[in-house]
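Undergrad: Quick one: this structure, given as structure tokens, is what I'll be asking you about.
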Amino acid sequence: MLTTRYVTGSPSWIDLATPDLDAAAAFYTGLFGWTMRPGGPEVGGYGTFQSAGKTIAGGMTVPPEQSEPAWNVYFRTPDADATAKSVEQGGGSVTHEPVDVMELGRSASFRDPAGVGFSAWQPGQMAGMEAANEENMLGWIELYTPDVQAATAFYHTVFGWETTDVPFPGGTYTTVNPSGAGPDSMFGGVVPLDSDPLEAEAGAYWMPYFEVADTDAIAARAQELGGTVRMAPTDVEGVGRLAKLADPHGARFAVIKSSMASS
């Protein structure tokens with residue numbers, strides 16, 4: 001599962017692009033109990049979210065004309081520049097060239113061949129999230145894409161990911177894990193876009209899942225805070241109870257009380 005024992009290709013950070021960071025912070029504070037630590041001018045106002053005293057995500061104000069509100073996933077790399085070259089060789093594109101973030105690390109942002117945005121993080125003083133797979137923290141990620149085989153081939157080229165097809169009600173579910181780490185280290189799944197009418201309408205993207213204690217309560221609270229329940233709380237056998245939500249600005253995410261967490 002997703003951990004903070006970071007290796008090449010593992011998710012190491014997430015951040016939120018939103019047109020109003022103060023309003024977004026109020027929503028996620030009300031929903032998950034997070035706190036926001038504002039960033040100074042040296043980081044362009046980039047803030048960080050804490051949960052249970054641990055830094056678990058970032059947030060930044062991005063004008064709507066520059067980017068739609070969304071959560072972005074960063075994957076660990078030992079060399080952001082080499083990753084950028086691999087992305088281009090694999091048919092993707094570089095949207096933000098590799099750049100040093102003070103002494104914290106080096107980052108770059110990309111789009112895969114299907115146009116899905118993602119980023120890479122080469123650690124310096126900051127390895128990534130200080131905690132994961134705990135209550136109100138990132139526990140899973142999921143890629144909705146028009147072509148699962150093409151997507152997994154691309155990310156294998158860039159990060160060395162390996163895949164496993166897991167039996168699932170109605171078919172199989174493709175999971176991903178870092179190279180050589182084995183299926184026990186899987187941290188996400190890849191889903192055909194046309195298998196889910198809700199996501200097919202929204203378009204291809206990476207969706208973060210946050211582990212919660214009570215999926216129904218979180219979904220209800222999201223609505224009270226001005227968010228949207230895109231998919232009502234649903235039980236998935238052997239997985240848990242999940243719901244798909246969006247914050248008041250439209251950034252999509254999911255919450256889950258996983259079966260393992262409740263056992």
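By convention in this document, the chains of the structure tokens carry letters A, B, ... by their order, each chain's residues are numbered from 1, and ligands are numbered from 1 in the order they are shown.
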Env of range 70-75 of chain A: 6 Å cut, atoms = only C-alpha atoms, seq-sep filter 3 positions within chain, self excluded. Answer as a PyMOL selection string.

TA: chain A and resi 9-17+118-121+251

Undergrad: Using only C-alpha atoms, I'd like a table of the residues in range 151-257 of chain A that come within 8 Å of range 89-113 of chain A; for each, show the closest atom pair and its distance in Å rounded to one decimal, ordered by chain and ascending number, as a Markdown table.

TA:
```
| residue | atom | partner | partner_atom | distance |
| --- | --- | --- | --- | --- |
| A:Ala151 | CA | A:Pro113 | CA | 7.7 |
| A:Phe154 | CA | A:Gly90 | CA | 5.7 |
| A:Thr157 | CA | A:Gly90 | CA | 6.6 |
| A:Val158 | CA | A:Gly90 | CA | 7.3 |
```

Undergrad: Could you give me, as a tab-separated table, a per-residue list for range 84-161 of chain A showing, wherever an atom lies at most 9 Å from an atom of range 36-60 of chain A, the closest pair of atoms and their distance in Å to one decimal, using only C-alpha atoms and sorting by chain then residue number from low to high?

TA:
```
residue	atom	partner	partner_atom	distance
A:Val101	CA	A:Val43	CA	8.1
A:Met102	CA	A:Val43	CA	8.5
A:Gly128	CA	A:Ile56	CA	8.0
A:Met129	CA	A:Ile56	CA	4.7
A:Glu130	CA	A:Thr55	CA	5.5
A:Ala131	CA	A:Ile56	CA	6.2
A:Ala132	CA	A:Ile56	CA	7.3
A:Glu135	CA	A:Ser51	CA	8.9
A:Asn136	CA	A:Ser51	CA	7.2
A:Met137	CA	A:Ile56	CA	6.9
A:Leu138	CA	A:Ile56	CA	7.8
```

Undergrad: Each residue of range 25-143 of chain A with at least one atom at most 10 Å from range 242-250 of chain A should appear once, together with its nearest atom pair and the corresponding distance in Å (one decimal); atoms considered: only C-alpha atoms; ordering: chain, then increasing residue number; output as CSV.

TA:
```
residue,atom,partner,partner_atom,distance
A:Phe27,CA,A:Asp247,CA,7.3
A:Tyr28,CA,A:Asp247,CA,8.3
A:Leu31,CA,A:Asp247,CA,9.8
A:Pro64,CA,A:His249,CA,9.9
A:Glu68,CA,A:Gly250,CA,8.2
A:Pro69,CA,A:Gly250,CA,6.1
A:Ala70,CA,A:Gly250,CA,7.4
```

Undergrad: Those same residues, written as a compact mmCIF listing (two decimals), in the first residue's frame with all heavy atoms?

TA:
```
# COMPACT_ATOMS: atom_id res chain seq x y z
N PHE A 27 -12.52 24.74 3.31
CA PHE A 27 -13.29 23.54 3.00
C PHE A 27 -12.59 22.29 3.54
O PHE A 27 -13.21 21.47 4.23
CB PHE A 27 -13.46 23.42 1.48
CG PHE A 27 -14.06 22.11 1.03
CD1 PHE A 27 -15.43 21.90 1.10
CD2 PHE A 27 -13.25 21.09 0.54
CE1 PHE A 27 -15.98 20.69 0.69
CE2 PHE A 27 -13.79 19.88 0.12
CZ PHE A 27 -15.16 19.68 0.21
N TYR A 28 -11.31 22.12 3.25
CA TYR A 28 -10.61 20.90 3.67
C TYR A 28 -10.38 20.87 5.17
O TYR A 28 -10.33 19.79 5.77
CB TYR A 28 -9.31 20.75 2.88
CG TYR A 28 -9.55 20.40 1.43
CD1 TYR A 28 -9.46 21.37 0.42
CD2 TYR A 28 -9.92 19.11 1.05
CE1 TYR A 28 -9.72 21.05 -0.91
CE2 TYR A 28 -10.19 18.79 -0.28
CZ TYR A 28 -10.09 19.77 -1.25
OH TYR A 28 -10.36 19.46 -2.56
N LEU A 31 -13.67 19.67 6.40
CA LEU A 31 -13.94 18.29 6.00
C LEU A 31 -13.07 17.28 6.73
O LEU A 31 -13.56 16.27 7.25
CB LEU A 31 -13.74 18.14 4.49
CG LEU A 31 -14.20 16.83 3.87
CD1 LEU A 31 -15.71 16.68 3.97
CD2 LEU A 31 -13.75 16.75 2.41
N PRO A 64 -8.07 30.64 -12.91
CA PRO A 64 -8.83 29.68 -13.73
C PRO A 64 -8.35 29.61 -15.17
O PRO A 64 -8.43 28.54 -15.80
CB PRO A 64 -10.26 30.20 -13.63
CG PRO A 64 -10.31 31.01 -12.39
CD PRO A 64 -8.95 31.61 -12.23
N GLU A 68 -7.50 24.40 -14.56
CA GLU A 68 -8.74 24.09 -13.84
C GLU A 68 -8.39 23.61 -12.44
O GLU A 68 -7.31 23.04 -12.22
CB GLU A 68 -9.55 23.04 -14.59
CG GLU A 68 -8.91 21.68 -14.64
CD GLU A 68 -9.79 20.65 -15.34
OE1 GLU A 68 -10.71 21.07 -16.08
OE2 GLU A 68 -9.56 19.45 -15.13
N PRO A 69 -9.26 23.83 -11.47
CA PRO A 69 -9.00 23.35 -10.11
C PRO A 69 -8.80 21.83 -10.12
O PRO A 69 -9.61 21.10 -10.69
CB PRO A 69 -10.27 23.75 -9.35
CG PRO A 69 -10.84 24.89 -10.13
CD PRO A 69 -10.54 24.58 -11.56
N ALA A 70 -7.73 21.37 -9.49
CA ALA A 70 -7.43 19.94 -9.52
C ALA A 70 -6.38 19.59 -8.49
O ALA A 70 -5.54 20.41 -8.12
CB ALA A 70 -6.96 19.53 -10.91
```

Undergrad: I need the residues in range 18-258 of chain A that are strand (DSSP E or B) according to DSSP; give them as a PyMOL selection string.

TA: chain A and resi 18+35-37+47-51+54-61+70-76+93-101+105-111+117-123+138-145+162-168+171-177+188-192+205-211+228-236+240-246+252-258

Undergrad: One number please: CA of Arg230 in chain A to CA of Ala153 in chain A, in Å, one decimal.

TA: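 Separation of CA of Arg230 in chain A and CA of Ala153 in chain A: 29.6 Å.
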
Undergrad: Point out the residue among A:Gln223, A:Pro78, A:Thr18, A:Val87 with the least atom-to-atom distance to Gln66 in chain A, counting only C-alpha atoms.

TA: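 Smallest distance to Gln66 in chain A is found for A:Thr18.
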
Undergrad: What separation in Å, quoted to one decimal, exists between CA of Glu88 in chain A and CA of Asp165 in chain A?

TA: 27.2 Å

Undergrad: Which is closer to Ala219 in chain A than all the others in A:Ala254, A:Leu193, A:Leu198, A:Leu143, using only C-alpha atoms?

TA: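 Among the listed residues, the smallest separation from Ala219 in chain A belongs to A:Ala254.
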
Undergrad: Return the single residue from A:Glu199, A:Pro146, A:Tyr209, A:Phe159 that is closest to Ala84 in chain A, with distances computed using only C-alpha atoms.

TA: A:Phe159

Undergrad: Could you tell me how far CA of Thr215 in chain A sits from CA of Asp194 in chain A, in Å to one decimal place?

TA: 25.5 Å

Undergrad: Please give the complete set of residues from range 17-209 of chain A that DSSP, run on the backbone, assigns to alpha helix (DSSP H), formatted as number ranges by chain.

TA: A: 21-32, 80-89, 148-159, 197-202

Undergrad: May I have the selected residues written with N, CA and C atoms, as a compact mmCIF listing (two decimals), in the first residue's frame?

TA:
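File produced: part_38.txt:
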```txt
# COMPACT_ATOMS: atom_id res chain seq x y z
N LEU A 21 -7.23 29.91 -2.56
CA LEU A 21 -6.61 28.99 -1.60
C LEU A 21 -7.22 29.14 -0.21
N ASP A 22 -7.56 30.33 0.20
CA ASP A 22 -8.15 30.51 1.53
C ASP A 22 -9.49 29.77 1.63
N ALA A 23 -10.32 29.89 0.59
CA ALA A 23 -11.61 29.21 0.61
C ALA A 23 -11.43 27.70 0.55
N ALA A 24 -10.48 27.24 -0.26
CA ALA A 24 -10.22 25.80 -0.35
C ALA A 24 -9.72 25.26 0.98
N ALA A 25 -8.83 26.02 1.63
CA ALA A 25 -8.30 25.59 2.93
C ALA A 25 -9.43 25.49 3.95
N ALA A 26 -10.38 26.42 3.90
CA ALA A 26 -11.51 26.36 4.83
C ALA A 26 -12.34 25.11 4.59
N PHE A 27 -12.52 24.74 3.31
CA PHE A 27 -13.29 23.54 3.00
C PHE A 27 -12.59 22.29 3.54
N TYR A 28 -11.31 22.12 3.25
CA TYR A 28 -10.61 20.90 3.67
C TYR A 28 -10.38 20.87 5.17
N THR A 29 -10.27 22.03 5.79
CA THR A 29 -10.20 22.07 7.25
C THR A 29 -11.51 21.59 7.85
N GLY A 30 -12.62 22.07 7.29
CA GLY A 30 -13.92 21.64 7.78
C GLY A 30 -14.21 20.18 7.50
N LEU A 31 -13.67 19.67 6.40
CA LEU A 31 -13.94 18.29 6.00
C LEU A 31 -13.07 17.28 6.73
N PHE A 32 -11.76 17.55 6.75
CA PHE A 32 -10.80 16.58 7.27
C PHE A 32 -10.12 17.02 8.57
N ALA A 80 15.09 14.52 -11.94
CA ALA A 80 13.95 15.12 -12.61
C ALA A 80 14.24 15.41 -14.08
N ASP A 81 15.47 15.76 -14.39
CA ASP A 81 15.81 16.06 -15.78
C ASP A 81 15.75 14.81 -16.65
N ALA A 82 16.25 13.71 -16.11
CA ALA A 82 16.18 12.45 -16.85
C ALA A 82 14.74 12.00 -17.02
N THR A 83 13.91 12.23 -15.99
CA THR A 83 12.49 11.88 -16.09
C THR A 83 11.82 12.69 -17.20
N ALA A 84 12.16 13.97 -17.30
CA ALA A 84 11.59 14.81 -18.35
C ALA A 84 11.91 14.26 -19.74
N LYS A 85 13.12 13.80 -19.91
CA LYS A 85 13.51 13.21 -21.20
C LYS A 85 12.72 11.93 -21.47
N SER A 86 12.54 11.11 -20.42
CA SER A 86 11.79 9.87 -20.58
C SER A 86 10.33 10.13 -20.94
N VAL A 87 9.76 11.18 -20.34
CA VAL A 87 8.38 11.55 -20.65
C VAL A 87 8.24 11.88 -22.13
N GLU A 88 9.14 12.69 -22.65
CA GLU A 88 9.07 13.07 -24.06
C GLU A 88 9.32 11.88 -24.97
N GLN A 89 10.27 11.03 -24.60
CA GLN A 89 10.55 9.84 -25.40
C GLN A 89 9.36 8.88 -25.41
N VAL A 148 -5.79 1.71 -21.04
CA VAL A 148 -5.02 1.21 -19.89
C VAL A 148 -3.66 0.67 -20.31
N GLN A 149 -3.64 -0.12 -21.37
CA GLN A 149 -2.37 -0.72 -21.81
C GLN A 149 -1.36 0.35 -22.23
N ALA A 150 -1.82 1.34 -22.97
CA ALA A 150 -0.92 2.41 -23.39
C ALA A 150 -0.43 3.22 -22.20
N ALA A 151 -1.31 3.47 -21.24
CA ALA A 151 -0.94 4.25 -20.06
C ALA A 151 0.10 3.52 -19.22
N THR A 152 -0.14 2.24 -18.96
CA THR A 152 0.81 1.50 -18.12
C THR A 152 2.15 1.33 -18.83
N ALA A 153 2.14 1.22 -20.14
CA ALA A 153 3.40 1.14 -20.88
C ALA A 153 4.17 2.46 -20.76
N PHE A 154 3.46 3.57 -20.85
CA PHE A 154 4.11 4.88 -20.72
C PHE A 154 4.73 5.04 -19.34
N TYR A 155 3.97 4.78 -18.28
CA TYR A 155 4.50 4.98 -16.93
C TYR A 155 5.59 3.96 -16.59
N HIS A 156 5.54 2.80 -17.23
CA HIS A 156 6.64 1.85 -17.07
C HIS A 156 7.92 2.44 -17.67
N THR A 157 7.80 3.06 -18.82
CA THR A 157 8.96 3.69 -19.45
C THR A 157 9.53 4.80 -18.58
N VAL A 158 8.65 5.60 -17.99
CA VAL A 158 9.09 6.77 -17.22
C VAL A 158 9.57 6.40 -15.83
N PHE A 159 8.81 5.55 -15.13
CA PHE A 159 9.10 5.27 -13.72
C PHE A 159 9.42 3.80 -13.43
N PRO A 197 -19.28 5.88 -16.61
CA PRO A 197 -19.90 7.04 -17.27
C PRO A 197 -19.61 8.36 -16.58
N LEU A 198 -19.54 8.34 -15.24
CA LEU A 198 -19.25 9.55 -14.49
C LEU A 198 -17.90 10.13 -14.88
N GLU A 199 -16.87 9.25 -14.93
CA GLU A 199 -15.53 9.72 -15.25
C GLU A 199 -15.35 9.95 -16.74
N ALA A 200 -16.05 9.19 -17.57
CA ALA A 200 -15.96 9.39 -19.01
C ALA A 200 -16.41 10.80 -19.38
N GLU A 201 -17.42 11.28 -18.68
CA GLU A 201 -17.90 12.64 -18.93
C GLU A 201 -16.90 13.68 -18.44
N ALA A 202 -16.23 13.38 -17.30
CA ALA A 202 -15.29 14.33 -16.71
C ALA A 202 -13.96 14.38 -17.47
```

Undergrad: Looking at A:Phe187, A:Trp34, A:Trp206, A:Tyr173, which one is nearest to Val7 in chain A, with distances taken over only C-alpha atoms?

TA: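 Closest residue, counting only C-alpha atoms: A:Phe187.
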
Undergrad: For Gly139 in chain A, find every residue with an atom within 6 Å (counting only C-alpha atoms), except residues of its own chain fewer than 2 positions away, and show them as an MDAnalysis selection string.

TA: chainID A and resid 2 133 209:211

Undergrad: Would you mind exporting the chosen residues as a CSV table (one decimal), in the first residue's frame, restricted to N, CA, C and O atoms?

TA:
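Writing the result to selection.csv gives the following:
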```
chain,number,residue,atom,x,y,z
A,2,LEU,N,0.2,2.4,-0.2
A,2,LEU,CA,0.9,3.6,-0.2
A,2,LEU,C,1.6,4.0,1.1
A,2,LEU,O,1.0,3.9,2.2
A,133,ASN,N,-1.7,7.1,4.2
A,133,ASN,CA,-2.5,5.9,4.5
A,133,ASN,C,-2.9,5.8,5.9
A,133,ASN,O,-3.1,4.8,6.5
A,209,TYR,N,-7.4,9.3,-3.4
A,209,TYR,CA,-8.3,8.8,-2.4
A,209,TYR,C,-7.7,9.1,-1.0
A,209,TYR,O,-6.6,8.8,-0.7
A,210,PHE,N,-8.6,9.7,-0.1
A,210,PHE,CA,-8.2,9.9,1.3
A,210,PHE,C,-8.9,8.9,2.2
A,210,PHE,O,-10.1,8.7,2.0
A,211,GLU,N,-8.2,8.3,3.0
A,211,GLU,CA,-8.7,7.4,4.0
A,211,GLU,C,-9.5,8.1,5.1
A,211,GLU,O,-9.0,9.1,5.6
```

Undergrad: Could you tell me which of A:Val166, A:Met1, A:Ala204, A:Val191 comes closest to Gly117 in chain A if we count only C-alpha atoms?

TA: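 Of the candidates, the smallest distance to Gly117 in chain A is held by A:Ala204.
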